[in-house]
file run.tsv (TSV, C-alpha atoms)
chain	number	residue	atom	x	y	z
A	1	MET	CA	55.69	-48.49	-90.43
A	2	LYS	CA	52.54	-47.34	-92.27
A	3	THR	CA	50.96	-46.26	-88.99
A	4	ASN	CA	54.06	-44.25	-88.07
A	5	VAL	CA	54.06	-42.42	-91.42
A	6	PHE	CA	50.34	-41.75	-91.18
A	7	PHE	CA	50.76	-40.39	-87.63
A	8	LYS	CA	53.54	-38.03	-88.75
A	9	VAL	CA	51.46	-36.80	-91.70
A	10	MET	CA	48.49	-36.17	-89.40
A	11	CYS	CA	50.70	-34.22	-86.95
A	12	VAL	CA	52.01	-31.99	-89.72
A	13	MET	CA	48.48	-31.40	-91.05
A	14	ILE	CA	47.22	-30.46	-87.57
A	15	MET	CA	50.06	-27.97	-87.13
A	16	MET	CA	49.34	-26.43	-90.54
A	17	VAL	CA	45.62	-26.07	-89.76
A	18	ALA	CA	46.42	-24.48	-86.39
A	19	THR	CA	48.77	-21.99	-88.05
A	20	VAL	CA	46.27	-21.13	-90.80
A	21	SER	CA	43.49	-20.76	-88.22
A	22	ARG	CA	45.52	-18.20	-86.26
A	23	VAL	CA	46.18	-16.19	-89.43
A	24	GLN	CA	42.56	-16.43	-90.56
A	25	ALA	CA	41.31	-15.27	-87.18
A	26	GLN	CA	43.16	-12.00	-87.67
A	27	GLU	CA	42.53	-11.35	-91.36
A	28	TYR	CA	39.37	-13.27	-92.30
A	29	VAL	CA	35.87	-13.95	-91.01
A	30	THR	CA	33.53	-16.77	-92.08
A	31	GLN	CA	29.78	-17.07	-92.52
A	32	ASP	CA	28.11	-20.47	-92.77
A	33	LYS	CA	24.83	-21.28	-94.50
A	34	ARG	CA	23.20	-24.42	-93.12
A	35	GLU	CA	20.18	-26.56	-93.83
A	36	GLY	CA	19.46	-27.91	-90.38
A	37	GLU	CA	22.76	-29.28	-89.09
A	38	ILE	CA	24.25	-29.68	-92.60
A	39	LEU	CA	26.78	-27.10	-93.83
A	40	VAL	CA	25.76	-26.12	-97.37
A	41	THR	CA	27.91	-23.05	-98.09
A	42	ARG	CA	30.77	-21.29	-96.32
A	43	PHE	CA	31.74	-17.72	-97.21
A	44	VAL	CA	35.14	-16.33	-96.22
A	45	TYR	CA	35.42	-12.56	-96.12
A	46	LYS	CA	38.68	-10.62	-95.99
A	47	ILE	CA	38.80	-7.88	-93.38
A	48	LYS	CA	40.17	-4.92	-95.31
A	49	ASP	CA	38.34	-1.60	-95.37
A	50	GLY	CA	35.28	-3.51	-94.21
A	51	LEU	CA	34.39	-7.03	-95.38
A	52	GLN	CA	35.36	-8.12	-98.90
A	53	ASN	CA	34.32	-11.35	-100.63
A	54	HIS	CA	37.27	-13.73	-100.74
A	55	LEU	CA	36.38	-17.44	-100.86
A	56	LYS	CA	33.20	-19.49	-101.12
A	57	SER	CA	32.83	-23.25	-100.64
A	58	ASP	CA	29.73	-25.27	-101.58
A	59	PHE	CA	29.18	-28.69	-99.99
A	60	THR	CA	26.97	-31.57	-101.20
A	61	TYR	CA	26.08	-34.74	-99.30
A	62	ASP	CA	24.73	-38.21	-100.04
A	63	ASP	CA	21.57	-39.70	-98.50
A	64	GLN	CA	23.61	-40.73	-95.42
A	65	ASN	CA	24.75	-37.11	-94.90
A	66	ARG	CA	28.33	-37.95	-95.88
A	67	LEU	CA	30.24	-35.24	-97.71
A	68	ILE	CA	30.51	-36.13	-101.42
A	69	THR	CA	31.61	-32.85	-103.03
A	70	LYS	CA	33.29	-29.65	-101.91
A	71	GLU	CA	33.63	-26.96	-104.55
A	72	SER	CA	35.68	-23.81	-103.87
A	73	PHE	CA	35.37	-20.45	-105.60
A	74	LEU	CA	37.50	-17.31	-105.44
A	75	TRP	CA	36.00	-13.84	-105.73
A	76	ASN	CA	37.01	-12.02	-108.92
A	77	LYS	CA	36.97	-8.37	-107.93
A	78	ARG	CA	37.24	-7.11	-111.50
A	79	LYS	CA	34.36	-9.25	-112.84
A	80	GLN	CA	32.42	-9.03	-109.54
A	81	LYS	CA	31.61	-12.76	-109.54
A	82	TRP	CA	32.67	-16.08	-108.01
A	83	VAL	CA	35.15	-18.03	-110.16
A	84	PRO	CA	35.63	-21.80	-109.67
A	85	ARG	CA	38.96	-22.85	-108.17
A	86	LYS	CA	38.93	-26.46	-106.98
A	87	ARG	CA	36.53	-29.37	-106.60
A	88	ILE	CA	37.01	-32.33	-104.28
A	89	HIS	CA	35.03	-35.58	-104.57
A	90	TYR	CA	34.62	-38.10	-101.74
A	91	THR	CA	33.70	-41.69	-102.64
A	92	TYR	CA	32.83	-44.19	-99.91
A	93	SER	CA	32.79	-47.98	-99.74
A	94	ASP	CA	32.73	-50.40	-96.80
A	95	SER	CA	36.52	-50.50	-96.59
A	96	MET	CA	37.73	-47.30	-98.30
A	97	ILE	CA	37.32	-43.60	-98.74
A	98	VAL	CA	38.70	-42.20	-102.01
A	99	ILE	CA	39.25	-38.45	-102.28
A	100	THR	CA	39.94	-36.94	-105.71
A	101	GLY	CA	40.71	-33.32	-106.48
A	102	ASP	CA	40.06	-31.37	-109.68
A	103	ASN	CA	41.47	-27.93	-110.46
A	104	TRP	CA	39.66	-25.30	-112.52
A	105	ASP	CA	41.18	-24.57	-115.93
A	106	ASN	CA	40.34	-20.91	-116.46
A	107	THR	CA	41.32	-20.99	-120.13
A	108	ARG	CA	39.05	-23.90	-121.10
A	109	LYS	CA	36.45	-23.12	-118.40
A	110	VAL	CA	36.35	-26.75	-117.18
A	111	TYR	CA	37.72	-28.78	-114.30
A	112	THR	CA	40.82	-30.87	-114.96
A	113	GLU	CA	39.76	-34.34	-113.83
A	114	ASN	CA	41.46	-36.19	-110.96
A	115	VAL	CA	44.56	-34.04	-110.55
A	116	GLN	CA	45.31	-35.73	-107.24
A	117	GLN	CA	43.87	-38.74	-105.45
A	118	SER	CA	44.12	-40.01	-101.88
A	119	THR	CA	42.84	-43.40	-100.77
A	120	TYR	CA	42.07	-44.14	-97.13
A	121	GLU	CA	41.65	-47.75	-96.08
A	122	ILE	CA	39.27	-48.19	-93.13
A	123	HIS	CA	40.46	-50.62	-90.43
A	124	GLY	CA	37.82	-49.96	-87.81
A	125	ILE	CA	36.28	-47.01	-86.02
A	126	GLY	CA	38.65	-44.07	-86.50
A	127	LEU	CA	41.53	-46.19	-87.86
A	128	TYR	CA	42.66	-45.28	-91.38
A	129	THR	CA	45.66	-45.94	-93.60
A	130	ALA	CA	46.43	-43.34	-96.26
A	131	GLN	CA	47.90	-43.85	-99.70
A	132	LEU	CA	48.55	-40.77	-101.83
A	133	ILE	CA	48.33	-41.19	-105.59
A	134	SER	CA	49.38	-38.15	-107.63
A	135	LYS	CA	48.64	-37.86	-111.32
call {"tool": "encode", "arguments": {"input": "run.tsv", "output": "structure tokens"}}
result
Amino acid sequence: MKTNVFFKVMCVMIMMVATVSRVQAQEYVTQDKREGEILVTRFVYKIKDGLQNHLKSDFTYDDQNRLITKESFLWNKRKQKWVPRKRIHYTYSDSMIVITGDNWDNTRKVYTENVQQSTYEIHGIGLYTAQLISK
């Protein structure tokens, strides 16, 4: 039962990514900044009267080159600066991967901690079970 639900969720996610990718290919272009093979920053530019800043993502990794933080920023055209939007943390253990998401509170200028959490149980190479915990 759990495997069936996980498979359906993965199918829906793949279809969503494919749809977004087609839209982005027409309206957006990306630029990656790497340190060796490691992606450090990704810029997304909107194609409108040339290239306009749109989205920036910063990535940090642990000593095993596993992703531990992804922080997203939106371009504020009026202020001409990047404004935080969302931060995702990845925590690893031998049997689990825990992903927590924080949203930026623009009024207080801080991240709201652990808005959403997903836990993935590892059952072998490439076999995961997902449990979504919303707060």
call {"tool": "closest_residue", "arguments": {"input": "run.tsv", "among": "A:Gln116, A:Thr69, A:Ser57, A:Asn106", "to": "A:Thr41", "atoms": "all atoms listed in the file"}}
result
A:Ser57
call {"tool": "atom_distance", "arguments": {"input": "run.tsv", "atom1": "atom CA of A:Trp82", "atom2": "atom CA of A:Ile38"}}
result
22.2 Å
call {"tool": "closest_residue", "arguments": {"input": "run.tsv", "among": "A:His54, A:His123, A:Arg85, A:Lys33", "to": "A:Asp105", "atoms": "all atoms listed in the file"}}
result
A:Arg85
call {"tool": "atom_distance", "arguments": {"input": "run.tsv", "atom1": "atom CA of A:Lys86", "atom2": "atom CA of A:Asn53"}}
result
17.0 Å
call {"tool": "build_atoms", "arguments": {"input": "run.tsv", "residues": "stretch 51-72 of chain A", "atoms": "N, CA and C atoms", "output": "PDB file, in the coordinates of the input"}}
result
ATOM      1  N   LEU A  51      34.338  -5.618 -94.975  1.00  0.00           N
ATOM      2  CA  LEU A  51      34.390  -7.030 -95.380  1.00  0.00           C
ATOM      3  C   LEU A  51      34.358  -7.121 -96.896  1.00  0.00           C
ATOM      4  N   GLN A  52      35.296  -7.904 -97.452  1.00  0.00           N
ATOM      5  CA  GLN A  52      35.360  -8.120 -98.900  1.00  0.00           C
ATOM      6  C   GLN A  52      35.213  -9.607 -99.184  1.00  0.00           C
ATOM      7  N   ASN A  53      34.431  -9.947-100.216  1.00  0.00           N
ATOM      8  CA  ASN A  53      34.320 -11.350-100.630  1.00  0.00           C
ATOM      9  C   ASN A  53      35.721 -11.889-100.908  1.00  0.00           C
ATOM     10  N   HIS A  54      35.965 -13.125-100.499  1.00  0.00           N
ATOM     11  CA  HIS A  54      37.270 -13.730-100.740  1.00  0.00           C
ATOM     12  C   HIS A  54      37.135 -15.158-101.270  1.00  0.00           C
ATOM     13  N   LEU A  55      36.476 -16.025-100.517  1.00  0.00           N
ATOM     14  CA  LEU A  55      36.380 -17.440-100.860  1.00  0.00           C
ATOM     15  C   LEU A  55      34.997 -17.953-100.529  1.00  0.00           C
ATOM     16  N   LYS A  56      34.503 -18.861-101.369  1.00  0.00           N
ATOM     17  CA  LYS A  56      33.200 -19.490-101.120  1.00  0.00           C
ATOM     18  C   LYS A  56      33.371 -20.984-101.352  1.00  0.00           C
ATOM     19  N   SER A  57      32.801 -21.799-100.479  1.00  0.00           N
ATOM     20  CA  SER A  57      32.830 -23.250-100.640  1.00  0.00           C
ATOM     21  C   SER A  57      31.406 -23.781-100.570  1.00  0.00           C
ATOM     22  N   ASP A  58      31.029 -24.605-101.560  1.00  0.00           N
ATOM     23  CA  ASP A  58      29.730 -25.270-101.580  1.00  0.00           C
ATOM     24  C   ASP A  58      29.942 -26.743-101.252  1.00  0.00           C
ATOM     25  N   PHE A  59      29.061 -27.309-100.432  1.00  0.00           N
ATOM     26  CA  PHE A  59      29.180 -28.690 -99.990  1.00  0.00           C
ATOM     27  C   PHE A  59      27.923 -29.462-100.395  1.00  0.00           C
ATOM     28  N   THR A  60      28.100 -30.694-100.902  1.00  0.00           N
ATOM     29  CA  THR A  60      26.970 -31.570-101.200  1.00  0.00           C
ATOM     30  C   THR A  60      27.181 -32.899-100.469  1.00  0.00           C
ATOM     31  N   TYR A  61      26.060 -33.542-100.135  1.00  0.00           N
ATOM     32  CA  TYR A  61      26.080 -34.740 -99.300  1.00  0.00           C
ATOM     33  C   TYR A  61      25.243 -35.835 -99.940  1.00  0.00           C
ATOM     34  N   ASP A  62      25.548 -37.098 -99.566  1.00  0.00           N
ATOM     35  CA  ASP A  62      24.730 -38.210-100.040  1.00  0.00           C
ATOM     36  C   ASP A  62      23.557 -38.416 -99.080  1.00  0.00           C
ATOM     37  N   ASP A  63      22.765 -39.470 -99.322  1.00  0.00           N
ATOM     38  CA  ASP A  63      21.570 -39.700 -98.500  1.00  0.00           C
ATOM     39  C   ASP A  63      21.901 -40.115 -97.064  1.00  0.00           C
ATOM     40  N   GLN A  64      23.187 -40.411 -96.779  1.00  0.00           N
ATOM     41  CA  GLN A  64      23.610 -40.730 -95.420  1.00  0.00           C
ATOM     42  C   GLN A  64      24.294 -39.522 -94.753  1.00  0.00           C
ATOM     43  N   ASN A  65      24.148 -38.359 -95.371  1.00  0.00           N
ATOM     44  CA  ASN A  65      24.750 -37.110 -94.900  1.00  0.00           C
ATOM     45  C   ASN A  65      26.272 -37.155 -94.836  1.00  0.00           C
ATOM     46  N   ARG A  66      26.874 -37.931 -95.755  1.00  0.00           N
ATOM     47  CA  ARG A  66      28.330 -37.950 -95.880  1.00  0.00           C
ATOM     48  C   ARG A  66      28.711 -36.957 -96.974  1.00  0.00           C
ATOM     49  N   LEU A  67      29.768 -36.212 -96.737  1.00  0.00           N
ATOM     50  CA  LEU A  67      30.240 -35.240 -97.710  1.00  0.00           C
ATOM     51  C   LEU A  67      30.642 -35.951 -98.993  1.00  0.00           C
ATOM     52  N   ILE A  68      30.109 -35.526-100.146  1.00  0.00           N
ATOM     53  CA  ILE A  68      30.510 -36.130-101.420  1.00  0.00           C
ATOM     54  C   ILE A  68      31.209 -35.140-102.350  1.00  0.00           C
ATOM     55  N   THR A  69      30.944 -33.843-102.192  1.00  0.00           N
ATOM     56  CA  THR A  69      31.610 -32.850-103.030  1.00  0.00           C
ATOM     57  C   THR A  69      31.811 -31.554-102.253  1.00  0.00           C
ATOM     58  N   LYS A  70      33.001 -31.000-102.408  1.00  0.00           N
ATOM     59  CA  LYS A  70      33.290 -29.650-101.910  1.00  0.00           C
ATOM     60  C   LYS A  70      33.841 -28.880-103.094  1.00  0.00           C
ATOM     61  N   GLU A  71      33.189 -27.786-103.424  1.00  0.00           N
ATOM     62  CA  GLU A  71      33.630 -26.960-104.550  1.00  0.00           C
ATOM     63  C   GLU A  71      33.978 -25.572-104.026  1.00  0.00           C
ATOM     64  N   SER A  72      35.193 -25.107-104.361  1.00  0.00           N
ATOM     65  CA  SER A  72      35.680 -23.810-103.870  1.00  0.00           C
ATOM     66  C   SER A  72      35.713 -22.795-105.003  1.00  0.00           C
TER      67      SER A  72
END
